[in-house]
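Peer 1: Following this line is protein.csv, made up of CSV, C-alpha atoms:
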chain,number,residue,atom,x,y,z
Q,8,MET,CA,155.1,77.3,75.4
Q,9,THR,CA,155.8,73.6,75.0
Q,10,THR,CA,152.4,72.4,74.3
Q,11,LEU,CA,152.5,69.6,71.8
Q,12,PRO,CA,149.7,68.2,69.7
Q,13,ALA,CA,148.2,65.1,71.1
Q,14,SER,CA,148.6,63.2,67.9
Q,15,SER,CA,152.2,62.8,66.9
Q,16,ALA,CA,154.8,64.7,68.9
Q,17,ALA,CA,153.8,64.1,72.4
Q,18,PRO,CA,156.6,62.2,74.2
Q,19,SER,CA,154.2,60.6,76.5
Q,20,GLY,CA,152.0,57.7,77.5
Q,21,VAL,CA,149.5,59.0,75.2
Q,22,PRO,CA,146.7,57.3,73.4
Q,23,SER,CA,148.5,57.7,70.0
Q,24,GLY,CA,147.1,54.3,69.2
Q,25,VAL,CA,143.5,55.0,69.4
Q,26,PRO,CA,141.9,53.2,66.5
Q,27,VAL,CA,140.0,55.3,63.9
Q,28,LEU,CA,136.6,54.0,62.9
Q,29,GLU,CA,134.6,55.3,60.0
Q,30,THR,CA,130.8,55.3,59.6
Q,31,ALA,CA,128.6,56.8,56.9
Q,32,GLU,CA,128.8,60.3,58.3
Q,33,LEU,CA,131.3,60.1,61.2
Q,34,VAL,CA,134.9,59.6,62.0
Q,35,LEU,CA,135.5,58.1,65.4
Q,36,ARG,CA,139.0,59.1,66.5
Q,37,GLY,CA,141.3,60.1,69.4
Q,38,TYR,CA,141.4,63.4,71.1
Q,39,ARG,CA,142.9,66.8,70.2
Q,40,GLU,CA,143.2,69.8,72.4
Q,41,THR,CA,140.8,71.7,70.1
Q,42,ASP,CA,138.1,69.2,71.1
Q,43,PHE,CA,138.0,70.6,74.6
Q,44,GLU,CA,135.7,73.6,73.7
Q,45,PRO,CA,132.9,71.5,72.3
Q,46,PHE,CA,133.4,69.0,75.1
Q,47,ALA,CA,133.2,71.8,77.7
Q,48,ALA,CA,130.2,73.4,76.0
Q,49,PHE,CA,128.3,70.1,76.2
Q,50,SER,CA,129.5,69.5,79.8
Q,51,ALA,CA,128.2,72.9,80.9
Q,52,SER,CA,124.8,72.5,79.1
Q,53,PRO,CA,121.6,71.1,80.4
Q,54,ARG,CA,122.2,68.3,77.8
Q,55,ALA,CA,124.8,66.9,80.3
Q,56,SER,CA,122.3,66.5,83.1
Q,57,PHE,CA,121.9,62.8,82.3
Q,58,VAL,CA,125.6,62.1,82.4
Q,59,GLY,CA,126.6,63.7,85.7
Q,60,GLY,CA,126.5,67.3,84.6
Q,61,PRO,CA,126.2,70.2,84.1
Q,62,GLN,CA,129.8,70.6,85.1
Q,63,SER,CA,132.2,73.5,85.9
Q,64,ARG,CA,134.9,74.2,83.4
Q,65,TRP,CA,137.5,72.7,85.8
Q,66,ASP,CA,135.5,69.5,86.1
Q,67,ALA,CA,135.1,69.4,82.4
Q,68,TRP,CA,138.8,69.8,81.9
Q,69,ARG,CA,139.5,67.0,84.3
Q,70,ALA,CA,137.0,64.8,82.5
Q,71,PHE,CA,138.4,65.7,79.1
Q,72,LEU,CA,141.9,64.6,80.2
Q,73,ALA,CA,140.5,61.6,81.9
Q,74,ALA,CA,138.8,60.5,78.7
Q,75,ILE,CA,142.2,60.4,77.1
Q,76,GLY,CA,143.9,58.7,80.1
Q,77,HIS,CA,141.1,56.1,80.1
Q,78,TRP,CA,142.6,54.7,76.9
Q,79,SER,CA,145.9,54.2,78.6
Q,80,LEU,CA,144.5,52.7,81.8
Q,81,ARG,CA,142.0,50.3,80.1
Q,82,GLY,CA,143.3,49.9,76.6
Q,83,TYR,CA,139.9,51.1,75.3
Q,84,GLY,CA,137.7,54.2,75.8
Q,85,MET,CA,135.4,56.7,74.2
Q,86,TRP,CA,136.1,58.2,70.8
Q,87,ILE,CA,135.5,61.7,69.6
Q,88,ALA,CA,132.8,61.5,67.0
Q,89,GLU,CA,133.7,63.9,64.3
Q,90,HIS,CA,131.1,64.9,61.8
Q,91,ARG,CA,132.9,64.3,58.5
Q,92,ALA,CA,131.0,66.8,56.4
Q,93,THR,CA,131.6,69.8,58.7
Q,94,GLY,CA,134.6,68.7,60.7
Q,95,GLN,CA,132.7,69.5,63.9
Q,96,VAL,CA,132.6,67.4,67.0
Q,97,ALA,CA,129.2,65.7,67.0
Q,98,GLY,CA,129.7,63.9,70.3
Q,99,ARG,CA,131.5,61.0,71.9
Q,100,ILE,CA,130.9,57.3,71.8
Q,101,GLY,CA,132.7,54.3,73.1
Q,102,VAL,CA,133.3,52.1,76.1
Q,103,MET,CA,133.9,53.6,79.6
Q,104,PHE,CA,134.9,51.6,82.7
Q,105,ASN,CA,135.4,54.0,85.6
Q,106,ASP,CA,136.1,53.1,89.2
Q,107,GLY,CA,132.6,52.4,90.6
Q,108,TRP,CA,131.1,51.1,87.4
Q,109,HIS,CA,129.6,47.5,87.5
Q,110,GLU,CA,131.3,46.6,84.2
Q,111,PRO,CA,132.4,48.3,81.0
Q,112,GLU,CA,129.7,50.6,79.6
Q,113,LEU,CA,128.9,51.4,76.0
Q,114,ALA,CA,128.2,55.1,76.3
Q,115,TRP,CA,127.1,57.9,73.9
Q,116,HIS,CA,126.9,61.6,74.2
Q,117,ILE,CA,125.5,63.6,71.3
Q,118,TYR,CA,126.3,67.3,71.2
Q,119,ASP,CA,123.9,70.1,70.5
Q,120,GLY,CA,122.8,70.3,66.9
Q,121,PHE,CA,123.6,66.7,66.0
Q,122,GLU,CA,120.6,65.0,67.5
Q,123,GLY,CA,117.8,63.4,65.5
Q,124,ARG,CA,119.9,62.4,62.5
Q,125,GLY,CA,120.8,58.8,63.4
Q,126,LEU,CA,124.3,59.7,64.2
Q,127,ALA,CA,124.3,58.1,67.6
Q,128,TYR,CA,122.8,55.0,66.1
Q,129,GLN,CA,125.5,54.6,63.4
Q,130,ALA,CA,128.3,55.4,65.9
Q,131,ALA,CA,126.9,53.0,68.5
Q,132,LEU,CA,126.8,50.2,66.0
Q,133,ALA,CA,130.4,50.8,64.9
Q,134,ALA,CA,131.6,51.1,68.5
Q,135,ARG,CA,129.7,48.0,69.6
Q,136,ASP,CA,131.1,45.9,66.7
Q,137,HIS,CA,134.6,47.1,67.4
Q,138,ALA,CA,134.3,46.4,71.1
Q,139,ALA,CA,133.1,42.9,70.4
Q,140,GLN,CA,135.7,42.1,67.8
Q,141,HIS,CA,138.8,43.7,69.3
Q,142,TRP,CA,138.1,44.0,73.0
Q,143,GLY,CA,136.1,40.8,73.6
Q,144,MET,CA,133.1,42.7,74.9
Q,145,VAL,CA,130.1,40.6,74.0
Q,146,ARG,CA,126.8,42.0,75.0
Q,147,PRO,CA,128.0,45.1,76.8
Q,148,MET,CA,125.7,47.3,78.9
Q,149,SER,CA,124.6,50.9,78.8
Q,150,TYR,CA,123.6,53.0,81.8
Q,151,ILE,CA,120.6,55.2,81.1
Q,152,SER,CA,118.8,57.6,83.3
Q,153,PRO,CA,115.1,56.6,83.2
Q,154,ASP,CA,114.2,60.2,82.3
Q,155,ASN,CA,116.5,60.2,79.3
Q,156,VAL,CA,113.7,59.4,76.9
Q,157,ARG,CA,115.8,59.8,73.7
Q,158,SER,CA,118.6,57.6,75.0
Q,159,VAL,CA,116.1,54.9,76.0
Q,160,ARG,CA,114.6,55.1,72.5
Q,161,LEU,CA,118.1,54.7,71.0
Q,162,ALA,CA,118.8,51.7,73.3
Q,163,LYS,CA,115.7,50.0,72.1
Q,164,ARG,CA,116.6,50.7,68.5
Q,165,LEU,CA,119.9,49.1,69.2
Q,166,GLY,CA,118.2,46.0,70.4
Q,167,CYS,CA,118.9,46.5,74.0
Q,168,ALA,CA,116.7,45.2,76.8
Q,169,LEU,CA,116.3,46.7,80.3
Q,170,GLU,CA,118.1,44.3,82.6
Q,171,ARG,CA,117.9,45.9,86.1
Q,172,GLU,CA,117.7,49.1,88.1
Q,173,VAL,CA,121.0,50.1,89.6
Q,174,ALA,CA,122.7,53.1,91.3
Q,175,VAL,CA,125.7,54.8,89.8
Q,176,LEU,CA,127.5,57.5,91.8
Q,177,GLY,CA,124.5,57.4,94.1
Q,178,ARG,CA,121.9,58.2,91.4
Q,179,PRO,CA,119.3,55.7,90.3
Q,180,CYS,CA,119.9,54.5,86.8
Q,181,GLN,CA,118.8,51.7,84.5
Q,182,LEU,CA,121.2,49.0,83.2
Q,183,TRP,CA,120.3,48.1,79.6
Q,184,ARG,CA,121.9,45.0,78.0
Q,185,HIS,CA,123.0,45.0,74.3
Q,186,PRO,CA,122.6,42.1,72.0
Q,187,THR,CA,125.7,40.5,70.7
Q,188,GLY,CA,127.8,43.0,68.8
Q,189,GLY,CA,128.2,42.5,65.1
Q,190,GLU,CA,124.9,41.0,64.4
Q,191,ASP,CA,123.3,44.0,62.9
B,12,MET,CA,148.3,49.5,70.1
B,13,SER,CA,150.8,51.7,71.8
B,14,ILE,CA,148.4,52.9,74.5
B,15,SER,CA,150.6,52.9,77.6
B,16,ALA,CA,152.8,55.0,79.8
B,17,ALA,CA,155.8,53.5,78.2
B,18,SER,CA,156.7,56.5,76.1
B,19,ILE,CA,156.8,58.9,79.1
B,20,PRO,CA,160.5,59.7,79.8
B,21,VAL,CA,162.1,58.0,82.8
B,22,ILE,CA,164.0,60.2,85.2
B,23,GLU,CA,166.5,58.5,87.6
B,24,THR,CA,167.9,60.0,90.8
B,25,ARG,CA,170.1,58.4,93.5
B,26,ARG,CA,167.2,56.8,95.3
B,27,LEU,CA,164.3,57.2,93.0
B,28,VAL,CA,163.0,56.3,89.6
B,29,LEU,CA,160.3,58.5,88.0
B,30,ARG,CA,158.0,57.0,85.4
B,31,GLY,CA,154.7,57.7,83.8
B,32,PRO,CA,151.6,56.8,85.8
B,33,GLU,CA,150.6,53.2,85.0
B,34,PRO,CA,147.4,51.2,85.6
B,35,GLN,CA,149.0,49.1,88.3
B,36,ASP,CA,149.9,52.2,90.3
B,37,TYR,CA,146.3,53.2,90.7
B,38,PRO,CA,145.6,51.5,94.0
B,39,ASP,CA,148.5,53.5,95.7
B,40,PHE,CA,147.2,56.7,94.2
B,41,LYS,CA,143.7,55.9,95.4
B,42,ALA,CA,144.8,55.1,98.9
B,43,THR,CA,146.3,58.6,99.3
B,44,PHE,CA,143.5,60.5,97.6
B,45,ALA,CA,141.0,58.7,99.8
B,46,SER,CA,142.9,59.9,102.9
B,47,TYR,CA,143.2,63.1,104.8
B,48,ARG,CA,146.6,63.5,103.3
B,49,SER,CA,145.0,64.8,100.1
B,50,ARG,CA,143.2,67.6,101.8
B,51,PHE,CA,145.4,70.3,100.2
B,52,MET,CA,145.1,68.6,96.7
B,53,GLY,CA,141.3,68.8,96.5
B,54,GLY,CA,140.7,65.6,98.4
B,55,PRO,CA,139.7,63.5,100.1
B,56,LEU,CA,138.0,62.1,96.9
B,57,ASN,CA,135.6,59.2,96.4
B,58,ALA,CA,136.4,56.4,94.1
B,59,TYR,CA,134.9,58.0,90.9
B,60,GLU,CA,136.7,61.3,91.5
B,61,THR,CA,139.9,59.6,92.2
B,62,TRP,CA,139.7,57.5,89.0
B,63,MET,CA,138.9,60.6,87.0
B,64,LEU,CA,141.9,62.5,88.5
B,65,TYR,CA,144.2,59.5,87.9
B,66,ALA,CA,143.1,59.1,84.3
B,67,ALA,CA,143.4,62.9,83.9
B,68,GLU,CA,147.1,62.7,85.1
B,69,ILE,CA,147.7,60.5,82.0
B,70,GLY,CA,145.6,62.6,79.7
B,71,HIS,CA,147.6,65.7,80.8
B,72,TRP,CA,150.7,64.0,79.3
B,73,ALA,CA,148.9,63.6,76.0
B,74,ILE,CA,147.6,67.1,75.7
B,75,ARG,CA,150.5,69.0,77.2
B,76,GLY,CA,153.5,66.8,76.5
B,77,TYR,CA,154.4,66.9,80.2
B,78,GLY,CA,152.7,65.9,83.4
B,79,MET,CA,153.1,64.2,86.7
B,80,TRP,CA,155.5,61.4,87.1
B,81,MET,CA,155.0,58.5,89.4
B,82,ILE,CA,157.9,58.3,91.9
B,83,HIS,CA,159.2,54.9,92.7
B,84,GLU,CA,161.8,53.9,95.3
B,85,ARG,CA,164.7,52.5,93.4
B,86,ASP,CA,165.4,49.7,96.0
B,87,THR,CA,161.8,48.5,96.6
B,88,GLN,CA,160.2,49.6,93.3
B,89,GLU,CA,157.3,50.8,95.5
B,90,THR,CA,155.5,54.0,94.6
B,91,CYS,CA,155.9,56.9,97.0
B,92,GLY,CA,154.2,59.8,95.4
B,93,MET,CA,154.1,62.0,92.3
B,94,ALA,CA,155.9,65.1,91.0
B,95,GLY,CA,155.9,67.0,87.8
B,96,GLY,CA,154.4,69.7,85.7
B,97,TRP,CA,150.7,70.6,85.8
B,98,PHE,CA,148.8,73.1,83.7
B,99,PRO,CA,145.0,72.9,83.6
B,100,ALA,CA,143.2,75.1,81.1
B,101,LYS,CA,143.1,78.7,82.0
B,102,TRP,CA,145.4,78.5,84.9
B,103,PRO,CA,147.6,81.6,85.2
B,104,GLU,CA,151.0,79.8,84.9
B,105,ARG,CA,152.5,76.3,84.6
B,106,GLU,CA,152.9,74.7,88.0
B,107,ILE,CA,155.4,72.3,89.5
B,108,ALA,CA,153.5,70.0,91.8
B,109,TRP,CA,154.3,67.2,94.2
B,110,ILE,CA,152.6,64.8,96.6
B,111,ILE,CA,154.2,62.1,98.8
B,112,TRP,CA,152.2,59.2,100.2
B,113,PRO,CA,151.7,59.6,103.9
B,114,GLU,CA,153.8,56.5,104.8
B,115,LYS,CA,156.7,57.7,102.7
B,116,THR,CA,157.3,61.1,104.2
B,117,GLY,CA,160.3,62.3,106.1
B,118,LYS,CA,162.9,60.8,103.7
B,119,GLY,CA,163.4,63.8,101.5
B,120,TYR,CA,161.8,62.1,98.5
B,121,ALA,CA,159.7,65.2,97.5
B,122,LEU,CA,162.8,67.3,97.5
B,123,GLU,CA,164.8,64.8,95.4
B,124,ALA,CA,162.0,64.1,93.0
B,125,THR,CA,160.9,67.7,92.5
B,126,HIS,CA,164.5,68.9,92.1
B,127,ALA,CA,164.9,66.4,89.3
B,128,VAL,CA,161.6,67.1,87.5
B,129,ARG,CA,162.3,70.9,87.7
B,130,LYS,CA,165.7,70.3,86.1
B,131,TYR,CA,164.0,68.2,83.4
B,132,LEU,CA,161.3,70.8,82.7
B,133,TYR,CA,163.9,73.6,82.5
B,134,GLU,CA,166.6,71.9,80.6
B,135,LYS,CA,164.8,69.4,78.4
B,136,LEU,CA,161.5,71.2,77.8
B,137,GLY,CA,162.8,74.8,77.9
B,138,TRP,CA,160.6,76.1,80.7
B,139,ASP,CA,161.7,79.6,81.6
B,140,GLY,CA,160.2,79.4,85.1
B,141,ALA,CA,157.4,77.9,87.1
B,142,VAL,CA,155.2,78.4,90.1
B,143,SER,CA,153.6,76.2,92.8
B,144,TYR,CA,150.2,77.0,94.0
B,145,ILE,CA,150.0,76.1,97.7
B,146,ASP,CA,147.3,76.2,100.3
B,147,PRO,CA,148.6,78.7,103.0
B,148,LYS,CA,147.8,76.0,105.6
B,149,ASN,CA,150.0,73.4,103.9
B,150,LEU,CA,153.1,74.2,105.9
B,151,ASP,CA,155.0,71.1,104.8
B,152,SER,CA,154.7,72.1,101.2
B,153,ILE,CA,155.6,75.7,101.8
B,154,ARG,CA,158.7,74.5,103.6
B,155,LEU,CA,159.5,72.3,100.6
B,156,ALA,CA,159.0,75.2,98.1
B,157,GLU,CA,161.4,77.2,100.2
B,158,ARG,CA,164.0,74.4,100.4
B,159,LEU,CA,163.7,74.3,96.6
B,160,GLY,CA,164.6,78.0,96.4
B,161,ALA,CA,161.1,79.2,95.6
B,162,ALA,CA,159.7,82.4,97.2
B,163,LYS,CA,156.2,83.7,97.8
B,164,ASP,CA,155.2,86.0,94.9
B,165,PRO,CA,152.4,88.2,96.4
B,166,ASN,CA,151.8,89.9,93.0
B,167,ALA,CA,151.3,86.8,90.9
B,168,ALA,CA,147.7,85.7,89.9
B,169,ASN,CA,146.5,82.7,91.9
B,170,ILE,CA,143.9,80.1,91.0
B,171,ASP,CA,140.9,80.9,93.1
B,172,GLY,CA,142.0,83.3,95.9
B,173,ASN,CA,142.6,80.5,98.3
B,174,ASP,CA,146.2,79.6,97.4
B,175,ALA,CA,149.6,81.3,97.7
B,176,VAL,CA,151.9,81.5,94.7
B,177,TYR,CA,155.5,80.4,95.2
B,178,ARG,CA,157.8,81.3,92.3
B,179,HIS,CA,160.6,79.0,91.5
B,180,PRO,CA,164.1,80.3,90.7
B,181,SER,CA,164.7,80.8,87.0
B,182,PRO,CA,166.9,78.4,85.2
B,183,GLU,CA,169.7,80.9,85.2
B,184,ARG,CA,169.5,81.4,89.0
B,185,LEU,CA,169.3,77.7,89.5
B,186,LYS,CA,172.4,77.2,87.5
B,187,SER,CA,174.3,79.8,89.5
B,188,GLY,CA,175.3,77.4,92.2
B,189,GLN,CA,174.2,78.3,95.7
B,190,ILE,CA,170.6,77.3,95.5
B,191,ARG,CA,171.3,74.1,93.6
B,192,ASP,CA,174.3,73.2,95.7
B,193,GLY,CA,172.2,73.6,98.9
B,194,ILE,CA,169.5,71.4,97.5
B,195,GLU,CA,171.9,68.7,96.4
B,196,LEU,CA,173.8,68.8,99.8
B,197,GLU,CA,170.5,68.3,101.6
B,198,ILE,CA,169.6,65.4,99.3
B,199,SER,CA,173.0,63.9,99.9
B,200,HIS,CA,172.5,64.1,103.6
B,201,TYR,CA,169.2,62.1,103.2
B,202,CYS,CA,171.1,59.5,101.1
B,203,ASP,CA,174.2,59.3,103.4
B,204,PRO,CA,173.2,60.6,106.8
B,205,LEU,CA,176.2,61.9,108.9
B,206,PHE,CA,174.8,60.3,112.0
B,207,LYS,CA,172.8,57.1,111.8
B,208,PRO,CA,170.8,56.0,114.9
B,209,LYS,CA,172.0,52.7,116.0
B,210,GLY,CA,168.8,51.8,117.7
B,211,PHE,CA,166.6,53.1,120.4
B,212,PRO,CA,167.6,53.4,124.0
B,213,VAL,CA,166.4,50.7,126.3
B,214,ASP,CA,165.3,51.7,129.7
Represent the structure contained in this file as structure tokens.

Peer 2:
Amino acid sequence: MTTLPASSAAPSGVPSGVPVLETAELVLRGYRETDFEPFAAFSASPRASFVGGPQSRWDAWRAFLAAIGHWSLRGYGMWIAEHRATGQVAGRIGVMFNDGWHEPELAWHIYDGFEGRGLAYQAALAARDHAAQHWGMVRPMSYISPDNVRSVRLAKRLGCALEREVAVLGRPCQLWRHPTGGED
Amino acid sequence: MSISAASIPVIETRRLVLRGPEPQDYPDFKATFASYRSRFMGGPLNAYETWMLYAAEIGHWAIRGYGMWMIHERDTQETCGMAGGWFPAKWPEREIAWIIWPEKTGKGYALEATHAVRKYLYEKLGWDGAVSYIDPKNLDSIRLAERLGAAKDPNAANIDGNDAVYRHPSPERLKSGQIRDGIELEISHYCDPLFKPKGFPVD
């Protein structure tokens, strides 16, 4: 078996340069193969229904690899949000700009068991600041399904304002606009 | 930040240069995966699905340490397809896969590229064998697998019951001469055809 860890040894076009961000309780970092199981568990769960899921394991695998490849294609992407105290994957946060998106999106996925603790809020602030300072993304947007009450609440807490109704992948969706990053 | 395909190894053959998939190659990939040509590779795909698959091609390199190379014509630098190693989670075995853009077929590129990547996977990465999962209706790919010395393995586990498993010759068998010599002779005939048409007859 020639599987190599994603971090150091891979002789490839790999996102070895994914920056690491620290928040009070989270480490935002690049991907490891062991992150796939929590990723797939989220993708298969009803929690993924607002982000294009639930997905089959194959679709989750493709999406997992694509999340890594996104960093190579765009130079930015979504981090794994690791819960520092437990080492578990609490979710993903970062900027996604897939084919068919209107513009780069600040997105957050919080995994089962990590909700309601303000983790998404601190991760979103860190990611938004980084995007503004390093990627020139001032006032990014977030797509939110109107039924995703918790995400709408977080967007408001982040100072976002509803800008317009759009369709993403044929589904109705709201485009929320962030305030300037770094002002919090 | 070193976030690029630059560290994927480059493979050179007589007519081709194989490099990691890069952002500027995406439109060529998208054109083929939007077309009927991709029907045996899970397509045709919409823009989002195509993007996810292309990004996944790069992510595969990160997670596995190998993946699909983008094939370029040496003379024109144009892309003409992809070939390489592919191993999604929970697949039975590691696969050698290929796809050639519809306008670049008939030149023996898939043979030349796949022969080179198989050699790389065997010799540089130590693979002790490989299979190709092929739709039984994909006669061109079955022909190519056979030209590469692969044979149908009816006892091997397949992916979803809809594909045939072609088993590639082992590194030892490939070294033994006859298979390899036959492939290289065929490639050399594509490179230097014995008979070149001098034009079409005018009536």

Peer 1: Which residues of chain B sit at most 9 Å from chain Q, using only C-alpha atoms? Give each one's shortest atom pair and distance in Å (one decimal place), in chain and ascending residue order, as CSV.

Peer 2:
residue,atom,partner,partner_atom,distance
B:Met12,CA,Q:Gly24,CA,5.0
B:Ser13,CA,Q:Gly24,CA,5.2
B:Ile14,CA,Q:Pro22,CA,4.8
B:Ser15,CA,Q:Ser79,CA,5.0
B:Ala16,CA,Q:Gly20,CA,3.6
B:Ala17,CA,Q:Gly20,CA,5.7
B:Ser18,CA,Q:Ser19,CA,4.8
B:Ile19,CA,Q:Ser19,CA,4.1
B:Pro20,CA,Q:Ser19,CA,7.2
B:Gly31,CA,Q:Gly20,CA,6.9
B:Pro32,CA,Q:Gly20,CA,8.4
B:Glu33,CA,Q:Leu80,CA,6.9
B:Pro34,CA,Q:Leu80,CA,5.0
B:Gln35,CA,Q:Leu80,CA,8.7
B:Ala58,CA,Q:Asp106,CA,5.9
B:Tyr59,CA,Q:Asp106,CA,5.3
B:Glu60,CA,Q:Asp106,CA,8.5
B:Thr61,CA,Q:Asp106,CA,8.1
B:Trp62,CA,Q:Asp106,CA,5.7
B:Met63,CA,Q:Ala73,CA,5.4
B:Leu64,CA,Q:Arg69,CA,6.6
B:Tyr65,CA,Q:Ala73,CA,7.4
B:Ala66,CA,Q:Gly76,CA,4.3
B:Ala67,CA,Q:Ala73,CA,3.8
B:Glu68,CA,Q:Gly76,CA,7.2
B:Ile69,CA,Q:Gly76,CA,4.6
B:Gly70,CA,Q:Leu72,CA,4.2
B:His71,CA,Q:Leu72,CA,5.8
B:Trp72,CA,Q:Ser19,CA,5.6
B:Ala73,CA,Q:Val21,CA,4.7
B:Ile74,CA,Q:Ala13,CA,5.1
B:Arg75,CA,Q:Thr10,CA,4.9
B:Gly76,CA,Q:Ala17,CA,4.9
B:Tyr77,CA,Q:Ser19,CA,7.3
B:Gly78,CA,Q:Ser19,CA,8.8
B:Pro99,CA,Q:Trp68,CA,7.1
B:Ala100,CA,Q:Trp68,CA,6.9
B:Leu136,CA,Q:Thr9,CA,6.8
B:Gly137,CA,Q:Thr9,CA,7.7
B:Trp138,CA,Q:Met8,CA,7.7

Peer 1: Report, in Å to a single decimal, how far apart atom CA of Q:Pro179 and atom CA of Q:Pro153 are.

Peer 2: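 So the answer is 8.3 Å.
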
Peer 1: I'd like to know which of Q:Ala48, Q:Ala55, Q:Leu113, Q:Ala31 is closest to Q:Glu89, using all atoms listed in the file.

Peer 2: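 Looking at the shortest contact to Q:Glu89, the residue is Q:Ala31.
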
Peer 1: To one decimal place in Å, what is the distance between atom CA of Q:Arg184 and atom CA of Q:Gly166?

Peer 2: 8.5 Å

Peer 1: Neighbouring residues of Q:Ala133 were defined as those with any atom within 12 Å, considering only C-alpha atoms; residues of the same chain fewer than 6 positions away were excluded. Please report them as a count of residues only.

Peer 2: 27

Peer 1: List as a PyMOL selection string the protein and nucleic acid residues near Q:Phe121, meaning an atom at most 10 Å away when only C-alpha atoms are counted, but skip any in the same chain fewer than 3 places from it.

Peer 2: chain Q and resi 90+95-98+117-118+124-127

Peer 1: Could you jot down the atom CA of B:Glu84 to atom CA of B:Arg105 separation for me, Å, one decimal place?

Peer 2: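 The value is 26.5 Å.
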
Peer 1: Point out the residue among B:Ala175, B:Ala121, B:Ile107, B:Ile194 with the least atom-to-atom distance to B:Lys148, counting all atoms listed in the file.

Peer 2: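 Of B:Ala175, B:Ala121, B:Ile107, B:Ile194, the one nearest B:Lys148, counting all atoms listed in the file, is B:Ala175.
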
Peer 1: Quick one: stretch 162-178 of chain B with N, CA and C atoms, as a PDB file, in the first residue's frame?

Peer 2:
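Produced file selection_39.pdb, reproduced below:
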ATOM      1  N   ALA B 162      -6.335  -8.548 -19.114  1.00  0.00           N
ATOM      2  CA  ALA B 162      -7.311  -9.573 -19.482  1.00  0.00           C
ATOM      3  C   ALA B 162      -8.471  -9.533 -18.501  1.00  0.00           C
ATOM      4  N   LYS B 163      -9.643  -9.859 -18.996  1.00  0.00           N
ATOM      5  CA  LYS B 163     -10.830  -9.855 -18.140  1.00  0.00           C
ATOM      6  C   LYS B 163     -10.656 -10.872 -17.018  1.00  0.00           C
ATOM      7  N   ASP B 164     -10.956 -10.426 -15.791  1.00  0.00           N
ATOM      8  CA  ASP B 164     -10.846 -11.303 -14.627  1.00  0.00           C
ATOM      9  C   ASP B 164     -12.246 -11.515 -14.072  1.00  0.00           C
ATOM     10  N   PRO B 165     -12.893 -12.610 -14.492  1.00  0.00           N
ATOM     11  CA  PRO B 165     -14.302 -12.791 -14.101  1.00  0.00           C
ATOM     12  C   PRO B 165     -14.475 -13.062 -12.612  1.00  0.00           C
ATOM     13  N   ASN B 166     -13.406 -13.405 -11.925  1.00  0.00           N
ATOM     14  CA  ASN B 166     -13.527 -13.727 -10.497  1.00  0.00           C
ATOM     15  C   ASN B 166     -13.274 -12.537  -9.581  1.00  0.00           C
ATOM     16  N   ALA B 167     -12.795 -11.433 -10.150  1.00  0.00           N
ATOM     17  CA  ALA B 167     -12.456 -10.286  -9.305  1.00  0.00           C
ATOM     18  C   ALA B 167     -13.721  -9.524  -8.910  1.00  0.00           C
ATOM     19  N   ALA B 168     -13.693  -8.953  -7.716  1.00  0.00           N
ATOM     20  CA  ALA B 168     -14.815  -8.128  -7.259  1.00  0.00           C
ATOM     21  C   ALA B 168     -14.882  -6.866  -8.118  1.00  0.00           C
ATOM     22  N   ASN B 169     -16.108  -6.499  -8.522  1.00  0.00           N
ATOM     23  CA  ASN B 169     -16.248  -5.247  -9.268  1.00  0.00           C
ATOM     24  C   ASN B 169     -16.861  -4.194  -8.362  1.00  0.00           C
ATOM     25  N   ILE B 170     -17.171  -3.023  -8.934  1.00  0.00           N
ATOM     26  CA  ILE B 170     -17.587  -1.907  -8.082  1.00  0.00           C
ATOM     27  C   ILE B 170     -19.067  -1.995  -7.742  1.00  0.00           C
ATOM     28  N   ASP B 171     -19.889  -2.110  -8.763  1.00  0.00           N
ATOM     29  CA  ASP B 171     -21.332  -2.052  -8.487  1.00  0.00           C
ATOM     30  C   ASP B 171     -22.119  -3.055  -9.323  1.00  0.00           C
ATOM     31  N   GLY B 172     -21.445  -4.030  -9.865  1.00  0.00           N
ATOM     32  CA  GLY B 172     -22.147  -5.041 -10.645  1.00  0.00           C
ATOM     33  C   GLY B 172     -22.352  -4.664 -12.093  1.00  0.00           C
ATOM     34  N   ASN B 173     -22.005  -3.437 -12.461  1.00  0.00           N
ATOM     35  CA  ASN B 173     -22.226  -2.986 -13.831  1.00  0.00           C
ATOM     36  C   ASN B 173     -20.936  -2.828 -14.618  1.00  0.00           C
ATOM     37  N   ASP B 174     -19.833  -3.294 -14.063  1.00  0.00           N
ATOM     38  CA  ASP B 174     -18.558  -3.076 -14.738  1.00  0.00           C
ATOM     39  C   ASP B 174     -17.779  -4.386 -14.804  1.00  0.00           C
ATOM     40  N   ALA B 175     -16.965  -4.500 -15.831  1.00  0.00           N
ATOM     41  CA  ALA B 175     -16.089  -5.658 -15.984  1.00  0.00           C
ATOM     42  C   ALA B 175     -14.704  -5.296 -15.441  1.00  0.00           C
ATOM     43  N   VAL B 176     -14.057  -6.282 -14.850  1.00  0.00           N
ATOM     44  CA  VAL B 176     -12.734  -6.042 -14.266  1.00  0.00           C
ATOM     45  C   VAL B 176     -11.669  -6.576 -15.214  1.00  0.00           C
ATOM     46  N   TYR B 177     -10.792  -5.718 -15.663  1.00  0.00           N
ATOM     47  CA  TYR B 177      -9.655  -6.124 -16.498  1.00  0.00           C
ATOM     48  C   TYR B 177      -8.388  -6.041 -15.658  1.00  0.00           C
ATOM     49  N   ARG B 178      -7.688  -7.163 -15.589  1.00  0.00           N
ATOM     50  CA  ARG B 178      -6.501  -7.210 -14.741  1.00  0.00           C
ATOM     51  C   ARG B 178      -5.252  -6.986 -15.584  1.00  0.00           C
TER      52      ARG B 178
END
